[in-house]
Structures are given as structure tokens and as C-alpha cells.
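Containing TSV, C-alpha atoms: entry.tsv.
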chain	number	residue	atom	x	y	z
A	28	MET	CA	-8.38	5.92	10.32
A	29	VAL	CA	-6.99	2.52	11.24
A	30	LYS	CA	-8.19	0.55	14.24
A	31	VAL	CA	-6.43	-2.58	15.45
A	32	ILE	CA	-8.06	-5.25	17.61
A	33	MET	CA	-5.26	-7.39	18.99
A	34	GLY	CA	-5.18	-10.32	21.37
A	35	LEU	CA	-4.51	-13.99	21.71
A	36	LYS	CA	-6.71	-16.65	20.15
A	37	GLY	CA	-10.06	-16.86	21.90
A	38	SER	CA	-9.99	-13.34	23.31
A	39	GLY	CA	-13.12	-12.18	21.44
A	40	LYS	CA	-11.52	-10.22	18.59
A	41	THR	CA	-13.88	-11.50	15.89
A	42	LYS	CA	-16.92	-10.82	18.07
A	43	LYS	CA	-15.75	-7.22	18.53
A	44	LEU	CA	-15.20	-6.95	14.78
A	45	ILE	CA	-18.69	-8.26	14.04
A	46	ASP	CA	-20.19	-5.78	16.49
A	47	LEU	CA	-18.28	-2.90	14.84
A	48	ILE	CA	-19.37	-4.00	11.37
A	49	ASN	CA	-23.00	-4.25	12.45
A	50	GLU	CA	-22.85	-0.83	14.10
A	51	THR	CA	-21.17	0.75	11.06
A	52	SER	CA	-23.66	-0.84	8.65
A	53	LYS	CA	-26.59	0.88	10.37
A	54	ASP	CA	-25.69	4.04	8.46
A	55	GLU	CA	-27.21	3.48	5.02
A	56	HIS	CA	-24.53	5.65	3.38
A	57	GLU	CA	-21.67	3.32	4.32
A	58	ASN	CA	-20.09	1.01	1.76
A	59	ILE	CA	-18.40	-1.77	3.72
A	60	VAL	CA	-16.07	-4.59	2.74
A	61	CYS	CA	-15.06	-7.39	5.10
A	62	ILE	CA	-12.10	-9.59	4.17
A	63	GLU	CA	-11.83	-12.94	5.95
A	64	ARG	CA	-9.85	-16.10	5.27
A	65	LYS	CA	-12.81	-18.48	4.93
A	66	ALA	CA	-16.52	-17.81	4.63
A	67	GLN	CA	-17.31	-18.02	8.34
A	68	LEU	CA	-19.06	-14.70	8.92
A	69	THR	CA	-21.70	-15.10	6.21
A	70	TYR	CA	-24.61	-15.28	8.66
A	71	ASP	CA	-23.19	-12.81	11.17
A	72	LEU	CA	-23.08	-9.80	8.86
A	73	PRO	CA	-25.83	-7.77	7.19
A	74	TYR	CA	-26.42	-8.44	3.49
A	75	THR	CA	-25.22	-4.91	2.72
A	76	VAL	CA	-21.64	-5.79	3.70
A	77	ARG	CA	-19.50	-7.10	0.83
A	78	LEU	CA	-17.88	-10.24	2.25
A	79	VAL	CA	-14.64	-11.29	0.54
A	80	THR	CA	-13.23	-14.76	1.15
A	81	ALA	CA	-9.46	-14.32	0.88
A	82	SER	CA	-8.79	-18.01	0.25
A	83	ASP	CA	-10.68	-17.67	-3.06
A	84	TYR	CA	-8.09	-15.13	-4.25
A	85	ASN	CA	-4.85	-16.62	-2.88
A	86	LEU	CA	-4.03	-13.54	-0.79
A	87	ASN	CA	-1.05	-15.22	0.84
A	88	ASN	CA	1.28	-12.29	1.52
A	89	TYR	CA	1.14	-8.61	2.34
A	90	GLU	CA	2.07	-7.38	-1.13
A	91	VAL	CA	-0.73	-9.36	-2.77
A	92	LEU	CA	-3.18	-8.16	-0.11
A	93	LYS	CA	-2.14	-4.52	-0.70
A	94	GLY	CA	-2.72	-4.96	-4.41
A	95	PHE	CA	-6.08	-6.60	-3.77
A	96	ILE	CA	-7.22	-3.77	-1.49
A	97	SER	CA	-6.01	-1.19	-4.01
A	98	GLY	CA	-7.94	-3.00	-6.74
A	99	LEU	CA	-11.10	-3.14	-4.62
A	100	HIS	CA	-10.88	0.59	-4.10
A	101	ALA	CA	-10.08	1.31	-7.75
A	102	GLY	CA	-13.20	-0.63	-8.73
A	103	ASN	CA	-15.39	1.12	-6.17
A	104	TYR	CA	-14.39	4.55	-4.88
A	105	ASP	CA	-17.42	4.54	-2.58
A	106	ILE	CA	-15.88	2.05	-0.12
A	107	THR	CA	-15.84	3.72	3.29
A	108	HIS	CA	-14.70	0.84	5.51
A	109	ILE	CA	-12.53	-2.23	5.07
A	110	PHE	CA	-12.61	-4.76	7.87
A	111	ILE	CA	-9.99	-7.53	7.93
A	112	ASP	CA	-10.61	-10.53	10.18
A	113	ASN	CA	-7.53	-12.40	11.35
A	114	LEU	CA	-4.88	-10.82	9.17
A	115	PHE	CA	-2.22	-13.38	10.05
A	116	LYS	CA	-4.30	-16.33	8.86
A	117	ILE	CA	-5.00	-14.54	5.58
A	118	VAL	CA	-1.33	-13.87	4.80
A	119	ASP	CA	0.02	-16.93	6.65
A	120	SER	CA	2.25	-14.90	8.94
A	121	THR	CA	2.81	-13.86	12.54
A	122	TYR	CA	3.40	-10.51	14.21
A	123	ASP	CA	6.65	-9.13	12.78
A	124	ALA	CA	8.11	-6.08	11.05
A	125	ALA	CA	6.18	-6.91	7.86
A	126	ALA	CA	2.92	-6.80	9.83
A	127	GLU	CA	3.79	-3.39	11.23
A	128	GLU	CA	4.69	-2.18	7.73
A	129	PHE	CA	1.30	-3.39	6.46
A	130	VAL	CA	-0.48	-1.50	9.23
A	131	ALA	CA	1.53	1.62	8.30
A	132	TRP	CA	0.57	1.12	4.65
A	133	CYS	CA	-3.10	0.92	5.68
A	134	GLU	CA	-2.70	4.20	7.59
A	135	ALA	CA	-1.25	5.93	4.52
A	136	PHE	CA	-3.92	4.43	2.24
A	137	SER	CA	-6.64	5.45	4.69
A	138	GLU	CA	-5.43	9.03	4.83
A	139	LYS	CA	-5.06	9.34	1.06
A	140	GLU	CA	-8.26	7.56	0.00
A	141	LYS	CA	-10.51	8.30	3.01
A	142	VAL	CA	-11.13	4.60	3.73
A	143	ASN	CA	-11.33	3.39	7.33
A	144	PHE	CA	-9.64	0.12	8.25
A	145	THR	CA	-10.32	-2.16	11.19
A	146	MET	CA	-8.35	-5.38	11.53
A	147	THR	CA	-7.88	-8.17	14.00
A	148	LEU	CA	-4.40	-9.45	14.83
A	149	SER	CA	-3.95	-12.71	16.73
A	150	ALA	CA	-0.89	-12.07	18.86
A	151	ASP	CA	0.08	-11.08	22.36
A	152	VAL	CA	-0.56	-7.38	22.87
A	153	SER	CA	2.88	-7.00	24.46
A	154	LEU	CA	4.48	-7.63	21.04
A	155	ALA	CA	2.91	-4.50	19.54
A	156	SER	CA	5.01	-1.41	19.03
A	157	ASP	CA	3.88	1.89	20.53
A	158	LYS	CA	2.76	2.99	17.07
A	159	VAL	CA	0.45	-0.01	16.72
A	160	LYS	CA	-0.73	0.27	20.35
A	161	ALA	CA	-1.87	3.80	19.54
A	162	LEU	CA	-4.35	2.25	17.08
A	163	PHE	CA	-6.10	0.07	19.69
Please express the file's structure as C-alpha cells.
Amino acid sequence: MVKVIMGLKGSGKTKKLIDLINETSKDEHENIVCIERKAQLTYDLPYTVRLVTASDYNLNNYEVLKGFISGLHAGNYDITHIFIDNLFKIVDSTYDAAAEEFVAWCEAFSEKEKVNFTMTLSADVSLASDKVKALF
């Protein structure tokens, strides 16, 4: 399953993401990873959530991020959820065809590996295709 939280800057996307992470982490059987650009959520998330600071790993494009996520999963098959905060700041991009392709890749990865994704996208909702809007 892939869930997209999309909106303009300041619309509360990160707050929604934090709430979802906290709710998901209440189940002791969940193995959760949160990827963010800088270590800003350290005190907002439970200690059980593996927080990854993307800037430490130079995840500056979608291909590198796909490889990183694949490597995370290869190293730990127990991951049940991957949360990505502000995808466009991580990969230094904006909403475009490459972003939609990344979301589609996450859908395929999710189906194959049984990992749930939730990501925030900072862009006007009207830019989203119907396929992405279906993931809201």
C-alpha cells in the first residue's frame, strides 16, 4: 500500500505524517523506518522508529533513493512501513513525471515485498495525476 500526503508548504503534511507514524508504532509488531532530509523529527517519533537522515547518505535523486530503500529492505526483511517526509527536498526535485514514476515504483515494491509506504509531497494537489490522487 502507498499513501500520499500532498499539499503546499505549511499545509500540515509533516504533522499528519508524525501522527500516522505514532499511530502505526503503537503495534509492537511493526518495524518502521522514517526517511527525512535532516534530523528534524528526532523528538517527535518513538524510539522504536528507525529514523534515517537522507542528507547523511547523499540521496539526491530517485534512482539512488530506490537503491537505498531496496538496500534497507534487503538488510531487514521485517520492515513493515517506510515513511518519507518531504520527498522533493530529499531528491532535490519538484512534482514531475519522475516523481510519478517513483510513486509507481513504490507501489510495485510495496506489492512485491509487503512494505507499506507513506510519503509527503510538497506541491499543489491540482498537479497530481488521477493515479496519484487515488493514493491520497
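Proximity to Gly39 in chain A at 12 Å, evaluated using all atoms listed in the file and with sequence-adjacent residues fewer than 4 positions away removed, yields Ile32, Met33, Gly34, Leu35, Lys43, Leu44, Ile45, Asp46, Asp112, Asn113, Thr147, Leu148 and Ser149 of chain A.
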Selection to disk with C-alpha atoms, as a PDB file, in the frame of the given file:
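What follows is the written file again_4.pdb:
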ATOM      1  CA  ILE A  32      -8.060  -5.250  17.610  1.00  0.00           C
ATOM      2  CA  MET A  33      -5.260  -7.390  18.990  1.00  0.00           C
ATOM      3  CA  GLY A  34      -5.180 -10.320  21.370  1.00  0.00           C
ATOM      4  CA  LEU A  35      -4.510 -13.990  21.710  1.00  0.00           C
ATOM      5  CA  LYS A  43     -15.750  -7.220  18.530  1.00  0.00           C
ATOM      6  CA  LEU A  44     -15.200  -6.950  14.780  1.00  0.00           C
ATOM      7  CA  ILE A  45     -18.690  -8.260  14.040  1.00  0.00           C
ATOM      8  CA  ASP A  46     -20.190  -5.780  16.490  1.00  0.00           C
ATOM      9  CA  ASP A 112     -10.610 -10.530  10.180  1.00  0.00           C
ATOM     10  CA  ASN A 113      -7.530 -12.400  11.350  1.00  0.00           C
ATOM     11  CA  THR A 147      -7.880  -8.170  14.000  1.00  0.00           C
ATOM     12  CA  LEU A 148      -4.400  -9.450  14.830  1.00  0.00           C
ATOM     13  CA  SER A 149      -3.950 -12.710  16.730  1.00  0.00           C
TER      14      SER A 149
END
Exercise for the section: For Ile48 in chain A, please output as a list in words all residues within 9 Å (counting only C-alpha atoms; exclusion window: fewer than 5 positions along the same chain). Expected result: Lys43, Lys53, Ile59, Cys61, Leu72, Pro73, Val76, His108 and Phe110 of chain A
Handout entry: All residues 12 Å or closer to Ser120 in chain A, only C-alpha atoms, same chain fewer than 4 positions away omitted, as a PyMOL selection string
Key = chain A and resi 86-89+113-116+124-127+129+148-150
Practice task
Rank A:Phe144, A:Phe95, A:Trp132, A:Tyr84 by their smallest atom-to-atom distance to Lys65 in chain A, using only C-alpha atoms, and report the top residue only.
Solution key: A:Tyr84
Problem - Two-atom distance - CA of Asp105 in chain A, CA of Ala66 in chain A (Å) - result: 23.5 Å
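Across the structure, CA of Thr69 in chain A and CA of Thr145 in chain A are spaced 17.9 Å apart.
With only C-alpha atoms as the atoms that count, the residue of A:Cys133, A:Val29, A:Leu68, A:Ala155 with the shortest distance to Gly94 in chain A is A:Cys133.
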Handout entry: Coordinates-based distance that separates CA of Thr107 in chain A from CA of Asp123 in chain A (Å, one decimal)
Key = 27.6 Å
Could all heavy atoms be built for range 111-122 of chain A and written out as a short mmCIF file (atom, residue, chain, number, x, y, z; two decimals), in the coordinates of the input?
data_model
loop_
_atom_site.label_atom_id
_atom_site.label_comp_id
_atom_site.auth_asym_id
_atom_site.auth_seq_id
_atom_site.Cartn_x
_atom_site.Cartn_y
_atom_site.Cartn_z
N ILE A 111 -10.80 -6.34 8.22
CA ILE A 111 -9.99 -7.53 7.93
C ILE A 111 -10.00 -8.40 9.18
O ILE A 111 -9.52 -7.99 10.24
CB ILE A 111 -8.54 -7.15 7.56
CG1 ILE A 111 -8.53 -6.20 6.35
CG2 ILE A 111 -7.72 -8.41 7.28
CD1 ILE A 111 -7.16 -5.62 6.03
N ASP A 112 -10.56 -9.61 9.04
CA ASP A 112 -10.61 -10.53 10.18
C ASP A 112 -9.44 -11.49 10.12
O ASP A 112 -9.26 -12.20 9.14
CB ASP A 112 -11.93 -11.31 10.18
CG ASP A 112 -12.08 -12.17 11.41
OD1 ASP A 112 -11.62 -11.74 12.50
OD2 ASP A 112 -12.65 -13.26 11.31
N ASN A 113 -8.67 -11.50 11.17
CA ASN A 113 -7.53 -12.40 11.35
C ASN A 113 -6.50 -12.28 10.23
O ASN A 113 -6.29 -13.20 9.44
CB ASN A 113 -8.00 -13.85 11.52
CG ASN A 113 -7.02 -14.62 12.37
OD1 ASN A 113 -5.84 -14.28 12.43
ND2 ASN A 113 -7.50 -15.65 13.03
N LEU A 114 -5.88 -11.15 10.19
CA LEU A 114 -4.88 -10.82 9.17
C LEU A 114 -3.82 -11.90 9.02
O LEU A 114 -3.45 -12.28 7.91
CB LEU A 114 -4.23 -9.47 9.50
CG LEU A 114 -3.10 -9.04 8.59
CD1 LEU A 114 -3.62 -8.76 7.19
CD2 LEU A 114 -2.41 -7.81 9.15
N PHE A 115 -3.33 -12.43 10.12
CA PHE A 115 -2.22 -13.38 10.05
C PHE A 115 -2.61 -14.71 9.42
O PHE A 115 -1.79 -15.37 8.81
CB PHE A 115 -1.60 -13.59 11.43
CG PHE A 115 -1.04 -12.33 12.03
CD1 PHE A 115 -1.08 -12.12 13.39
CD2 PHE A 115 -0.49 -11.35 11.24
CE1 PHE A 115 -0.56 -10.96 13.95
CE2 PHE A 115 0.02 -10.18 11.78
CZ PHE A 115 -0.02 -9.99 13.14
N LYS A 116 -3.86 -15.11 9.55
CA LYS A 116 -4.30 -16.33 8.86
C LYS A 116 -4.46 -16.07 7.37
O LYS A 116 -4.22 -16.95 6.56
CB LYS A 116 -5.60 -16.85 9.46
CG LYS A 116 -5.40 -17.57 10.77
CD LYS A 116 -6.66 -18.27 11.21
CE LYS A 116 -6.41 -19.00 12.52
NZ LYS A 116 -7.60 -19.65 13.02
N ILE A 117 -4.85 -14.87 6.99
CA ILE A 117 -5.00 -14.54 5.58
C ILE A 117 -3.66 -14.59 4.87
O ILE A 117 -3.52 -15.20 3.81
CB ILE A 117 -5.67 -13.16 5.39
CG1 ILE A 117 -7.13 -13.21 5.86
CG2 ILE A 117 -5.58 -12.70 3.93
CD1 ILE A 117 -7.81 -11.86 5.90
N VAL A 118 -2.65 -13.96 5.45
CA VAL A 118 -1.33 -13.87 4.80
C VAL A 118 -0.35 -14.92 5.29
O VAL A 118 0.82 -14.90 4.91
CB VAL A 118 -0.71 -12.46 4.95
CG1 VAL A 118 -1.57 -11.42 4.27
CG2 VAL A 118 -0.48 -12.12 6.41
N ASP A 119 -0.81 -15.85 6.12
CA ASP A 119 0.02 -16.93 6.65
C ASP A 119 1.30 -16.38 7.26
O ASP A 119 2.42 -16.65 6.82
CB ASP A 119 0.34 -17.95 5.55
CG ASP A 119 0.93 -19.22 6.13
OD1 ASP A 119 0.64 -19.53 7.31
OD2 ASP A 119 1.68 -19.91 5.42
N SER A 120 1.12 -15.57 8.30
CA SER A 120 2.25 -14.90 8.94
C SER A 120 2.01 -14.80 10.44
O SER A 120 1.00 -15.27 10.95
CB SER A 120 2.43 -13.50 8.33
OG SER A 120 3.56 -12.86 8.86
N THR A 121 2.94 -14.17 11.12
CA THR A 121 2.81 -13.86 12.54
C THR A 121 3.17 -12.39 12.71
O THR A 121 3.54 -11.71 11.76
CB THR A 121 3.76 -14.73 13.39
OG1 THR A 121 5.10 -14.49 12.96
CG2 THR A 121 3.43 -16.20 13.28
N TYR A 122 3.08 -11.92 13.95
CA TYR A 122 3.40 -10.51 14.21
C TYR A 122 4.90 -10.30 14.02
O TYR A 122 5.71 -10.91 14.70
CB TYR A 122 2.97 -10.09 15.61
CG TYR A 122 2.99 -8.60 15.77
CD1 TYR A 122 1.88 -7.86 15.42
CD2 TYR A 122 4.12 -7.95 16.22
CE1 TYR A 122 1.90 -6.48 15.54
CE2 TYR A 122 4.14 -6.57 16.34
CZ TYR A 122 3.03 -5.85 15.99
OH TYR A 122 3.05 -4.48 16.09
#
